[in-house]
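**Student:** Pasting a structure below so you can have a look.
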Protein chains: 2
Amino acid sequence: MGRRSLLLLLLVFLTHGAATPVPPALRALSNLHMSTSFKYRPTVALEYSIHYIQQKVDHFGFNTDKTFKQRYLIADKHWKKDGGSILFYTGNEGDIIWFCNNTGFMWDVAEELKAMLVFAEHRYYGESLPFGSNSFKDSKHLNFLTSEQALADFAKLIKYLKRTIPGAKNQPVIALGGSYGGMLAAWFRMKYPHIVVGALASSAPIWQFENIVPCGVFMKAVTTDFRKSGPNCSESIHRSWDAISRLAKKGTGLRWLSEALHLCTPLTNSQDVQHLKDWISETWVNLAMVDYPYESNFLQPLPAWPIKVVCQYLKNPSVSDSLLLQNIFQALNVYYNYSGQVRCLNISETATSSLGAQGWSYQACTEMVMPFCSNGIDDMFEPRSWNLKDYSDECFKLWGVRPRPSWITTMYGGKNISSHTNIIFSNGELDPWSGGGVTKNITDTLVAIVIPDGAHHLDLRANNAFDPTSVLLARSLEVRYMKQWIKDFYASLGKKH
Amino acid sequence: MGRRSLLLLLLVFLTHGAATPVPPALRALSNLHMSTSFKYRPTVALEYSIHYIQQKVDHFGFNTDKTFKQRYLIADKHWKKDGGSILFYTGNEGDIIWFCNNTGFMWDVAEELKAMLVFAEHRYYGESLPFGSNSFKDSKHLNFLTSEQALADFAKLIKYLKRTIPGAKNQPVIALGGSYGGMLAAWFRMKYPHIVVGALASSAPIWQFENIVPCGVFMKAVTTDFRKSGPNCSESIHRSWDAISRLAKKGTGLRWLSEALHLCTPLTNSQDVQHLKDWISETWVNLAMVDYPYESNFLQPLPAWPIKVVCQYLKNPSVSDSLLLQNIFQALNVYYNYSGQVRCLNISETATSSLGAQGWSYQACTEMVMPFCSNGIDDMFEPRSWNLKDYSDECFKLWGVRPRPSWITTMYGGKNISSHTNIIFSNGELDPWSGGGVTKNITDTLVAIVIPDGAHHLDLRANNAFDPTSVLLARSLEVRYMKQWIKDFYASLGKKH
């Protein structure tokens with residue numbers, strides 16, 4: 001196991017980054033998508049105001065008193081001072097406006113919960129840069145990019161809002177987030193239960209750390225998605241790796257592969273071939289995350305149930321290597337060229353902007369150490385073991401820091417979280433991240449909701465005419481819990497007076 | 001309000017520091033005391049082993065991977081691998097050996113709870129210095145002296161012990177501490193409930209922050225102790241301040257005062273007079289903290305119920321200024337010269353070593369911002385208001401840092417802690433710190449124990465033949481709760497298997 005496989009693992013993180021972050025590029029696509037490719041349009045126009053709060057760069061040390069501007073959005077159209085609530089989005093690794101636009105659930109339930117919506121940007125993402133353009137310069141400037149600092153930002157922001165917005169003081173606040181943001185929502189409730197009465201943690205892989213779950217669960221889940229989406233689909237992909245290797249070894253193999261896959265830059269050596277495989281793997285992973293039941297544009301513009309579309313090209317694994325690779329190209333084309341406008345495929349391209357990816361890459365190299373592996377037996381990928389030493393060395397090269405793989409479980413409890421209350425963990429069964437999520441009730445108030453037809457935090461997306469029943473049920477259950485927390489809050493408030 | 005009154009406030013902190021810290025000087029006294037002046041001797045000899053663990057200097061940032069040696073003590077004479085428990089002392093602002101010697105309660109209950117005793121030293125105190133002799137050099141080196149870092153040290157230490165001591169892994173850990181260490185014990189359970197099943201927080205003023213309690217409660221409680229300990233006692237002290245001022249204004253007043261009070265260094269100006277008053281105030285405060293029912297030596301060697309002894313000299317407030325001050329001297333002499341060996345009183349002397357005091361002074365200037373005030377009406381002291389600006393300026397001069405007075409409540413919840421479980425808050429009614437403590441049950445599992453005849457964390461001290469019934473009852477209740485937590489832990493463990 002050398003650099004390459006580590007690279008893949010990092011790519012997986014980046015993919016995860018991409019699944020949520022800010023990308024200016026993506027934002028453009030997203031706008032495009034909002035105006036042209038949605039079949040279902042949200043009934044509410046997203047109207048919010050943009051604000052900034054001065055936050056300490058370091059909440060946990062006093063040597064510096066430096067501050068920076070954290071951005072947050074407020075939407076209070078449906079907010080009621082009397083009996084209302086505050087829904088607080090715990091921003092994750094990206095531009096908060098992009099999240100705001102992709103979290104329709106909060107907008108859809110605002111009226112029913114008489115809720116003010118607040119979307120808080122995570123430090124080091126979007127515009128909330130502690131040191132401006134120097135924020136990613138070196139490990140010294142990156143030193144304040146941790147989940148603990150982000151949670152402290154959220155806590156201080158909520159206290160500030162309660163102090164300054166008339167009517168907000170005695171209202172219950174609920175944390176909501178998806179993916180890494182879902183972990184933050186859960187951890188926020190665990191660490192600051194005096195500030196939020198509960199949390200909805202959607203697709204939050206809080207157990208994808210150390211050896212809490214087997215490192216193979218993620219790639220296995222991706223494989224299951226493909227296996228279920230068409231006959232022989234995962235088997236075709238499984239066979240494709242050796243086919244690529246065999247083709248690459250032939251005299252004109254690299255040229256043939258480059259042409260068959262319509263690559264923008266031809267492959268020239270074996271390193272390029274490995275890079276190609278990593279890039280293809282990442283594509284299948286991304287597809288598993290965004291396997292939504294309707295046309296959407298989260299990472300790329302895609303058709304409804306994109307894996308089913310992909311699998312239509314991968315029905316026959318027993319063809320020749322060259323035919324198999326031609327089919328693989330057709331499948332990749334679904335992901336990279338749904339618009340039909342793309343002339344060649346760029347294997348250096350990721351869906352993320354460098355900014356969001358930079359931040360997440362650093363976080364993955366410090367706190368967010370998630371072991372991944374594949375064995376080619378339980379999954380359709382080439383075997384890759386998890387090697388912490390290589391990973392750590394790579395992180396040191398990239399950022400000058402070394403990961404602390406057991407810190408997150410020391411801080412946030414790992415599996416031993418039963419003393420906490422009022423957290424909903426929702427997971428889509430199609431989502432590869434569900435393998436590291438909480439999918440069974442822990443107590444009466446630490447509950448799991450599983451959405452069989454859901455991909456990555458589908459429940460946080462806006463209502464859609466093509467939503468499967470399972471996500472509608474999940475959302476209504478989520479609302480019921482939130483209403484209960486709000487009711488409990490007002491009841492206890494009443495007792496105090 | 002200028003520097004002077006601020007100085008007093010700092011002195012109060014230092015006193016608090018003194019109430020617990022390491023002082024090499026005090027340590028010597030303490031040993032002396034153990035060998036000569038105890039009327040009641042503990043039945044168990046204190047046998048422990050000394051250990052060190054490498055801790056990250058910064059748990060919350062990755063720019064530095066530096067480590068330091070944290071000291072901890074282990075006593076496992078009564079520990080049982082089968083059905084036992086681990087009692088973990090959350091070290092506070094001082095040398096851990098001194099705390100170990102002053103926390104007899106843990107030794108007294110070890111056998112009944114089949115407990116291993118662990119005493120963990122707080123970073124920046126005793127031998128646990130992150131940067132050795134440079135630890136207090138400047139705000140850069142002091143940057144890692146926070147309660148959050150200390151709690152993270154404790155968490156990592158417990159995980160390490162469970163990993164490395166055969167038989168410790170599946171045992172319940174209970175946090176115990178007094179004073180600041182009591183706050184740490186409570187906060188440890190709040191923030192790391194996956195690591196400790198419960199906490200005994202003795203004399204922990206977790207509400208002595210911001211405006212949760214009136215700033216005057218502390219000095220009012222000191223006054224009550226003196227009022228109850230002898231007729232006209234507090235009134236005599238109340239009158240003494242003006243008497244000092246009047247005497248100081250006379251031609252030979254400073255000389256007279258210096259001689260009457262047997263001061264080692266004569267008073268020479270009005271600044272010295274203010275210093276004298278601050279030092280006398282601090283003496284009364286210290287007495288209130290250590291008003292124990294038996295001969296003891298916590299801050300100084302003292303008789304049983306020392307305030308009663310002091311008050312024998314302060315029965316008549318209506319005497320002349322000079323007679324009143326001669327009486328005050330007799331009273332001070334009880335505190336400073338119980339041994340009868342002291343030739344003069346040194347108003348520059350505090351009971352603390354510079355080390356422990358340094359650390360606490362920094363903590364009081366950063367996180368541990370406890371507002372104190374007096375009004376001379378509800379208390380026996382001269383009026384002093386709480387002035388955050390002056391306080392902050394003084395801190396900046398001393399340490400180059402500014403306090404963040406609302407941080408602790410943001411972090412640890414202030415009054416809003418009802419969602420936590422399994423914390424006992426014990427407070428002695430004689431202890432001035434009880435004013436900022438939890439003295440009423442919050443829930444079934446967040447309980448308060450009030451000890452009417454108790455001073456500062458009397459319940460944590462060793463059993464003594466002169467213990468009042470109230471502290472015996474408190475201790476047996478504490479043991480009952482701890483046994484319940486242990487039982488619950490094993491019950492839940494059983495369910496998992």
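The chains in the structure tokens are called A, B, ... from first to last as shown; in each chain the residues are counted from 1, and the ligands are counted from 1 in the order shown.
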Report the closest atom pair, with its distance in Å rounded to one decimal, for each residue of chain A that has an atom no farther than 6 Å from chain B; count only C-alpha atoms, sort by chain and then rising residue number, and write it as JSON lines.

**Tutor:**
{"residue": "A:Gly61", "atom": "CA", "partner": "B:Asn143", "partner_atom": "CA", "distance": 5.3}
{"residue": "A:Phe62", "atom": "CA", "partner": "B:Asn143", "partner_atom": "CA", "distance": 5.9}
{"residue": "A:Asn63", "atom": "CA", "partner": "B:Ser139", "partner_atom": "CA", "distance": 5.3}
{"residue": "A:Ser139", "atom": "CA", "partner": "B:Asn63", "partner_atom": "CA", "distance": 5.3}
{"residue": "A:Lys140", "atom": "CA", "partner": "B:Asn63", "partner_atom": "CA", "distance": 5.6}
{"residue": "A:Asn143", "atom": "CA", "partner": "B:Gly61", "partner_atom": "CA", "distance": 5.2}
{"residue": "A:Lys191", "atom": "CA", "partner": "B:Lys191", "partner_atom": "CA", "distance": 5.9}
{"residue": "A:His194", "atom": "CA", "partner": "B:Gly413", "partner_atom": "CA", "distance": 5.4}
{"residue": "A:Gly413", "atom": "CA", "partner": "B:His194", "partner_atom": "CA", "distance": 5.4}
{"residue": "A:Asn416", "atom": "CA", "partner": "B:His194", "partner_atom": "CA", "distance": 5.5}

**Student:** Pairing the C-alpha atoms in order and superposing chain A on chain B, what is the resulting RMSD?

**Tutor:**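 Across the paired C-alpha atoms, the RMSD reaches 0.1 Å.
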
**Student:** Skipping near chain neighbours, those fewer than 5 positions away, what residues fall within 8 Å of region 456-467 of chain B using only C-alpha atoms, listed as a PyMOL selection string?

**Tutor:** chain B and resi 40-42+102-108+178-179+202-203+289-294+426-428+430-433+472+474-475

**Student:** Run DSSP on the backbone of this structure and report the residues of region 4-242 of chain A it assigns to alpha helix (DSSP H), as an MDAnalysis selection string.

**Tutor:** chainID A and resid 4:18 24:36 96:101 104:109 147:164 180:191 217:229 233:242

**Student:** Identify, on the basis of only C-alpha atoms, every residue whose closest approach to Cys264 (chain B) does not exceed 7 Å; exclude the query and any residue fewer than 4 positions from it along the same chain; express the result as an mmCIF file with all heavy atoms, in the first residue's frame.

**Tutor:**
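Output file selection-v7.cif is given in full below:
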data_model
loop_
_atom_site.group_PDB
_atom_site.id
_atom_site.type_symbol
_atom_site.label_atom_id
_atom_site.label_comp_id
_atom_site.auth_asym_id
_atom_site.auth_seq_id
_atom_site.Cartn_x
_atom_site.Cartn_y
_atom_site.Cartn_z
ATOM 1 N N CYS B 344 6.434 37.855 64.458
ATOM 2 C CA CYS B 344 5.762 39.036 63.887
ATOM 3 C C CYS B 344 4.883 38.579 62.733
ATOM 4 O O CYS B 344 5.066 37.480 62.198
ATOM 5 C CB CYS B 344 6.789 40.068 63.417
ATOM 6 S SG CYS B 344 7.888 39.464 62.108
ATOM 7 N N LEU B 345 3.919 39.417 62.374
ATOM 8 C CA LEU B 345 2.996 39.064 61.289
ATOM 9 C C LEU B 345 3.438 39.756 59.996
ATOM 10 O O LEU B 345 3.728 40.953 59.990
ATOM 11 C CB LEU B 345 1.567 39.471 61.650
ATOM 12 C CG LEU B 345 1.020 38.904 62.974
ATOM 13 C CD1 LEU B 345 -0.475 39.234 63.133
ATOM 14 C CD2 LEU B 345 1.218 37.378 63.037
ATOM 15 N N ASN B 346 3.436 38.986 58.931
ATOM 16 C CA ASN B 346 3.934 39.501 57.648
ATOM 17 C C ASN B 346 2.756 39.692 56.688
ATOM 18 O O ASN B 346 2.212 38.724 56.169
ATOM 19 C CB ASN B 346 4.937 38.507 57.074
ATOM 20 C CG ASN B 346 5.560 39.015 55.797
ATOM 21 O OD1 ASN B 346 5.106 39.988 55.208
ATOM 22 N ND2 ASN B 346 6.620 38.344 55.374
#

**Student:** For CA of Lys483 (chain B) and CA of Asn92 (chain B), quote the distance in Å rounded to one decimal.

**Tutor:** 24.7 Å

**Student:** Kindly give the distance, in Å, that separates CA of Cys100 (chain A) and CA of Phe119 (chain A), rounded to a single decimal.

**Tutor:** 6.6 Å

**Student:** Mind the document's chain letters and residue numbers, and return as a list in words the residues of region 70-160 of chain B that DSSP labels strand (DSSP E).

**Tutor:**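 DSSP-assigned strand (DSSP E) residues in region 70-160 of chain B: Gln70, Arg71, Tyr72, Leu73, Ile74, Ala75, Ser85, Ile86, Leu87, Phe88, Tyr89, Thr90, Ala115, Met116, Leu117, Val118, Phe119 and Ala120 of chain B.
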
**Student:** Got time to write the residues from that selection, C-alpha atoms, as a CSV table (one decimal), in the first residue's frame?

**Tutor:**
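Okay, part_20.csv is ready:
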chain,number,residue,atom,x,y,z
B,70,GLN,CA,1.3,14.6,33.6
B,71,ARG,CA,1.7,13.1,37.1
B,72,TYR,CA,-0.9,10.8,38.7
B,73,LEU,CA,-1.1,8.6,41.7
B,74,ILE,CA,-2.6,5.2,42.1
B,75,ALA,CA,-3.7,3.4,45.2
B,85,SER,CA,-14.8,0.6,40.7
B,86,ILE,CA,-12.4,3.5,40.0
B,87,LEU,CA,-12.5,6.7,42.0
B,88,PHE,CA,-10.9,9.4,40.0
B,89,TYR,CA,-9.8,12.6,41.7
B,90,THR,CA,-10.0,15.5,39.2
B,115,ALA,CA,-12.1,0.9,44.4
B,116,MET,CA,-8.9,1.8,42.8
B,117,LEU,CA,-8.0,5.4,43.7
B,118,VAL,CA,-6.5,7.6,41.0
B,119,PHE,CA,-5.4,11.1,41.7
B,120,ALA,CA,-4.6,13.1,38.6
